[in-house]
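Undergrad: The following block contains the structure, expressed as structure tokens.
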Amino acid sequence: MNLLDLDARWRRFHDEDRACPCCGRHFNGVFDLGFDHPDAWPFGPLPEGEAEVQFGEDKLGTDLCRLGEVRFIRCILPLPIQGSDEVFNFGTWAAVAPGDFYAYIDACFGEGRFDGCAALLMNALPGFDTEGDTPCTLLPGPEGERPRLMAQEGPLMAAQEDGISFDHLLDIYAASGSDIRPHLAA
């Protein structure tokens with residue numbers, strides 16, 4: 001049994017059979033939040049159904065991006081949830097050096113090895129003060145999964161090491177435009 005199982009809101013959040021009394025909405029647990037492009041990308045999101053878009057030499061795909069001389073890799077920034085075995089993930093972008101970018105691509109095609117590299121977080125994360133460049137380490141993910149981004153300092157690093165509370169998770173959802181707190185009330 002997890003400690004959060006004692007929280008009625010947590011139980012309601014994971015009960016897919018429960019309909020919210022005010023609107024009938026259903027929940028089935030933790031859902032991740034993702035960004036379809038780095039904040040620095042000036043051309044907007046990928047058009048629906050497109051795997052890639054190019055503007056001159058600048059290119060955005062579902063997992064890789066090139067903007068001028070800067071290279072980006074889409075990754076997962078995991079945040080364990082205190083009192084549970086669950087993890088919330090931001091699907092975010094990291095800026096990496098060009099050599100590391102190409103080593104990552106080579107490793108994806110089985111032509112080398114990617115052991116990780118220095119990176120910078122490239123999205124402002126709701127619920128965190130990530131306005132400036134946040135130094136991180138980009139690590140290979142499990143087989144077939146995106147790499148993991150680990151913060152090297154500040155509140156984001158503490159959240160990755162210590163986990164976030166359920167209330168902080170709800171604050172993150174609210175800050176991203178999906179305030180579900182009223183729907184988890186009695």
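Here, A, B, ... name the chains of the structure tokens in the order displayed, residue numbers run from 1 inside each chain, and ligands are numbered from 1 in the same displayed order.
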Give me the residues within 9 Å of Ala97 in chain A as a PyMOL selection string, counting only C-alpha atoms and dropping any in the same chain fewer than 4 places off.
TA: chain A and resi 70-72+101-102+117-119
Undergrad: Mind writing the picked residues with N, CA and C atoms as a tab-separated table (two decimals), in the first residue's frame?
TA:
chain	number	residue	atom	x	y	z
A	70	VAL	N	22.18	25.45	-33.11
A	70	VAL	CA	21.77	24.75	-31.89
A	70	VAL	C	21.04	23.46	-32.26
A	71	ARG	N	21.33	22.39	-31.51
A	71	ARG	CA	20.71	21.08	-31.73
A	71	ARG	C	19.92	20.69	-30.48
A	72	PHE	N	18.74	20.12	-30.71
A	72	PHE	CA	17.84	19.74	-29.62
A	72	PHE	C	17.43	18.28	-29.76
A	101	PHE	N	24.79	15.52	-30.25
A	101	PHE	CA	23.58	15.32	-31.06
A	101	PHE	C	23.81	14.21	-32.08
A	102	TYR	N	24.92	14.28	-32.79
A	102	TYR	CA	25.19	13.28	-33.82
A	102	TYR	C	25.57	11.93	-33.22
A	117	CYS	N	25.30	13.15	-21.99
A	117	CYS	CA	26.06	14.38	-22.25
A	117	CYS	C	25.48	15.53	-21.45
A	118	ALA	N	26.21	16.63	-21.43
A	118	ALA	CA	25.71	17.86	-20.82
A	118	ALA	C	24.59	18.41	-21.71
A	119	ALA	N	23.60	19.03	-21.08
A	119	ALA	CA	22.46	19.55	-21.83
A	119	ALA	C	21.86	20.73	-21.07
Undergrad: List the spatial neighbours of His183 in chain A as a VMD selection string - criterion: any atom at most 10 Å away, only C-alpha atoms, same-chain residues fewer than 6 positions off excluded.
TA: chain A and resid 9 12 to 13 19 to 27
Undergrad: With distances taken over only C-alpha atoms, which of A:Gly144, A:Gly83, A:Gly112, A:Gly154 is nearest to Asp167 in chain A?
TA: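 Under the stated criterion, the closest residue is A:Gly83.
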Undergrad: Which neighbours of range 47-49 of chain A fall inside 12 Å, counting only C-alpha atoms, when residues of the same chain fewer than 2 positions from it are skipped, and could you give them as a list in words?
TA: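 Returned residues: Asp36, His37, Phe43, Gly44, Pro45, Ala51, Glu52, Val53, Gln54, Leu60, Gly61 and Thr62 of chain A.
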Undergrad: Could you check which of A:Asp63, A:Asp133, A:Glu57, A:Asp106 is closest to Ala151 in chain A, using only C-alpha atoms?
TA: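 Checking each candidate against Ala151 in chain A, we get A:Asp133 as the closest.
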Undergrad: Taking the backbone alone, and naming residues the way the document does, which bits of chain A are alpha helix (DSSP H) by DSSP, as a PyMOL selection string?
TA: chain A and resi 8-14+98-108+154-162+166-175
Undergrad: Where in range 68-150 of chain A does DSSP assign strand (DSSP E or B), given as a PyMOL selection string?
TA: chain A and resi 70-81+87-96+117-121+134-139+148-150
Undergrad: With N, CA and C atoms kept, could you save the residues just selected as an mmCIF file, in the first residue's frame?
TA:
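Written output follows (selection.cif):
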data_model
loop_
_atom_site.group_PDB
_atom_site.id
_atom_site.type_symbol
_atom_site.label_atom_id
_atom_site.label_comp_id
_atom_site.auth_asym_id
_atom_site.auth_seq_id
_atom_site.Cartn_x
_atom_site.Cartn_y
_atom_site.Cartn_z
ATOM 1 N N VAL A 70 22.175 25.450 -33.110
ATOM 2 C CA VAL A 70 21.768 24.748 -31.890
ATOM 3 C C VAL A 70 21.038 23.455 -32.261
ATOM 4 N N ARG A 71 21.326 22.388 -31.511
ATOM 5 C CA ARG A 71 20.708 21.079 -31.729
ATOM 6 C C ARG A 71 19.922 20.692 -30.482
ATOM 7 N N PHE A 72 18.741 20.120 -30.707
ATOM 8 C CA PHE A 72 17.844 19.745 -29.624
ATOM 9 C C PHE A 72 17.428 18.283 -29.756
ATOM 10 N N ILE A 73 17.247 17.644 -28.615
ATOM 11 C CA ILE A 73 16.754 16.269 -28.560
ATOM 12 C C ILE A 73 15.541 16.253 -27.637
ATOM 13 N N ARG A 74 14.470 15.610 -28.096
ATOM 14 C CA ARG A 74 13.288 15.464 -27.241
ATOM 15 C C ARG A 74 13.568 14.376 -26.219
ATOM 16 N N CYS A 75 13.156 14.623 -24.984
ATOM 17 C CA CYS A 75 13.503 13.712 -23.897
ATOM 18 C C CYS A 75 12.398 13.702 -22.838
ATOM 19 N N ILE A 76 12.624 12.925 -21.817
ATOM 20 C CA ILE A 76 11.706 12.802 -20.693
ATOM 21 C C ILE A 76 12.407 13.356 -19.452
ATOM 22 N N LEU A 77 11.695 14.198 -18.711
ATOM 23 C CA LEU A 77 12.197 14.696 -17.435
ATOM 24 C C LEU A 77 11.300 14.091 -16.355
ATOM 25 N N PRO A 78 11.787 13.042 -15.673
ATOM 26 C CA PRO A 78 10.952 12.332 -14.702
ATOM 27 C C PRO A 78 10.918 13.003 -13.325
ATOM 28 N N LEU A 79 9.731 12.965 -12.713
ATOM 29 C CA LEU A 79 9.555 13.467 -11.350
ATOM 30 C C LEU A 79 8.789 12.408 -10.563
ATOM 31 N N PRO A 80 9.452 11.711 -9.644
ATOM 32 C CA PRO A 80 8.727 10.736 -8.824
ATOM 33 C C PRO A 80 7.682 11.438 -7.964
ATOM 34 N N ILE A 81 6.610 10.744 -7.677
ATOM 35 C CA ILE A 81 5.540 11.304 -6.848
ATOM 36 C C ILE A 81 5.675 10.716 -5.448
ATOM 37 N N VAL A 87 5.486 7.893 -11.350
ATOM 38 C CA VAL A 87 6.358 8.964 -11.812
ATOM 39 C C VAL A 87 5.580 9.812 -12.806
ATOM 40 N N PHE A 88 5.661 11.109 -12.630
ATOM 41 C CA PHE A 88 5.120 12.056 -13.598
ATOM 42 C C PHE A 88 6.266 12.459 -14.507
ATOM 43 N N ASN A 89 6.002 12.594 -15.808
ATOM 44 C CA ASN A 89 7.040 12.975 -16.771
ATOM 45 C C ASN A 89 6.648 14.224 -17.536
ATOM 46 N N PHE A 90 7.617 15.122 -17.671
ATOM 47 C CA PHE A 90 7.513 16.182 -18.655
ATOM 48 C C PHE A 90 8.182 15.643 -19.915
ATOM 49 N N GLY A 91 7.517 15.747 -21.045
ATOM 50 C CA GLY A 91 8.148 15.471 -22.332
ATOM 51 C C GLY A 91 8.709 16.786 -22.823
ATOM 52 N N THR A 92 9.994 16.980 -22.684
ATOM 53 C CA THR A 92 10.613 18.280 -22.924
ATOM 54 C C THR A 92 11.745 18.156 -23.937
ATOM 55 N N TRP A 93 12.409 19.244 -24.172
ATOM 56 C CA TRP A 93 13.520 19.301 -25.122
ATOM 57 C C TRP A 93 14.789 19.742 -24.412
ATOM 58 N N ALA A 94 15.905 19.192 -24.866
ATOM 59 C CA ALA A 94 17.216 19.550 -24.332
ATOM 60 C C ALA A 94 18.102 20.040 -25.468
ATOM 61 N N ALA A 95 18.844 21.100 -25.209
ATOM 62 C CA ALA A 95 19.860 21.565 -26.157
ATOM 63 C C ALA A 95 21.166 20.854 -25.819
ATOM 64 N N VAL A 96 21.818 20.337 -26.850
ATOM 65 C CA VAL A 96 23.084 19.623 -26.670
ATOM 66 C C VAL A 96 24.092 20.115 -27.702
ATOM 67 N N CYS A 117 25.303 13.150 -21.994
ATOM 68 C CA CYS A 117 26.058 14.380 -22.251
ATOM 69 C C CYS A 117 25.475 15.528 -21.447
ATOM 70 N N ALA A 118 26.206 16.631 -21.429
ATOM 71 C CA ALA A 118 25.711 17.862 -20.825
ATOM 72 C C ALA A 118 24.592 18.410 -21.706
ATOM 73 N N ALA A 119 23.602 19.027 -21.081
ATOM 74 C CA ALA A 119 22.461 19.553 -21.825
ATOM 75 C C ALA A 119 21.862 20.729 -21.069
ATOM 76 N N LEU A 120 21.009 21.455 -21.752
ATOM 77 C CA LEU A 120 20.240 22.540 -21.134
ATOM 78 C C LEU A 120 18.761 22.272 -21.375
ATOM 79 N N LEU A 121 17.950 22.448 -20.346
ATOM 80 C CA LEU A 121 16.505 22.347 -20.472
ATOM 81 C C LEU A 121 16.015 23.473 -21.366
ATOM 82 N N THR A 134 18.662 25.887 -17.516
ATOM 83 C CA THR A 134 18.847 24.953 -16.419
ATOM 84 C C THR A 134 19.842 23.894 -16.863
ATOM 85 N N PRO A 135 21.030 23.853 -16.252
ATOM 86 C CA PRO A 135 21.999 22.833 -16.640
ATOM 87 C C PRO A 135 21.515 21.449 -16.235
ATOM 88 N N CYS A 136 21.673 20.522 -17.157
ATOM 89 C CA CYS A 136 21.190 19.155 -16.963
ATOM 90 C C CYS A 136 22.185 18.161 -17.534
ATOM 91 N N THR A 137 21.898 16.906 -17.296
ATOM 92 C CA THR A 137 22.592 15.805 -17.939
ATOM 93 C C THR A 137 21.552 15.004 -18.698
ATOM 94 N N LEU A 138 21.834 14.723 -19.949
ATOM 95 C CA LEU A 138 20.959 13.893 -20.772
ATOM 96 C C LEU A 138 21.515 12.479 -20.741
ATOM 97 N N LEU A 139 20.697 11.529 -20.277
ATOM 98 C CA LEU A 139 21.119 10.132 -20.136
ATOM 99 C C LEU A 139 20.319 9.245 -21.079
ATOM 100 N N ARG A 148 16.577 10.435 -20.838
ATOM 101 C CA ARG A 148 16.124 11.071 -19.599
ATOM 102 C C ARG A 148 16.957 12.324 -19.343
ATOM 103 N N LEU A 149 16.284 13.388 -18.920
ATOM 104 C CA LEU A 149 16.954 14.648 -18.614
ATOM 105 C C LEU A 149 16.965 14.827 -17.104
ATOM 106 N N MET A 150 18.146 15.000 -16.544
ATOM 107 C CA MET A 150 18.312 15.134 -15.099
ATOM 108 C C MET A 150 18.925 16.500 -14.798
#
Undergrad: Rounded to one decimal, what separation in Å do you get between CA of Glu50 in chain A and CA of Arg66 in chain A?
TA: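 We find that CA of Glu50 in chain A and CA of Arg66 in chain A lie 16.5 Å from each other.
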Undergrad: For range 125-127 of chain A, list every protein, DNA or RNA residue within 6 Å, evaluated using only C-alpha atoms, and leave out those in the same chain fewer than 5 positions away; present the list as a PyMOL selection string.
TA: chain A and resi 172+175-176
Undergrad: Write a file of the just-selected residues containing N, CA and C atoms, as a PDB file, in the first residue's frame.
TA:
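File selection08.pdb, as written:
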ATOM      1  N   ILE A 172       0.981  21.682 -10.921  1.00  0.00           N
ATOM      2  CA  ILE A 172       1.569  21.609 -12.260  1.00  0.00           C
ATOM      3  C   ILE A 172       0.460  21.501 -13.305  1.00  0.00           C
ATOM      4  N   ALA A 175      -1.254  24.866 -13.571  1.00  0.00           N
ATOM      5  CA  ALA A 175      -0.414  25.850 -14.256  1.00  0.00           C
ATOM      6  C   ALA A 175      -0.335  25.585 -15.754  1.00  0.00           C
ATOM      7  N   SER A 176      -0.599  24.346 -16.164  1.00  0.00           N
ATOM      8  CA  SER A 176      -0.567  24.016 -17.596  1.00  0.00           C
ATOM      9  C   SER A 176      -1.935  24.189 -18.248  1.00  0.00           C
TER      10      SER A 176
END
Undergrad: What's the 12 Å shell around Asp7 in chain A, counting only C-alpha atoms, without same-chain residues fewer than 6 positions away, as a ChimeraX atom specification?
TA: /A:1,13-14,83-84,165-167,184-186
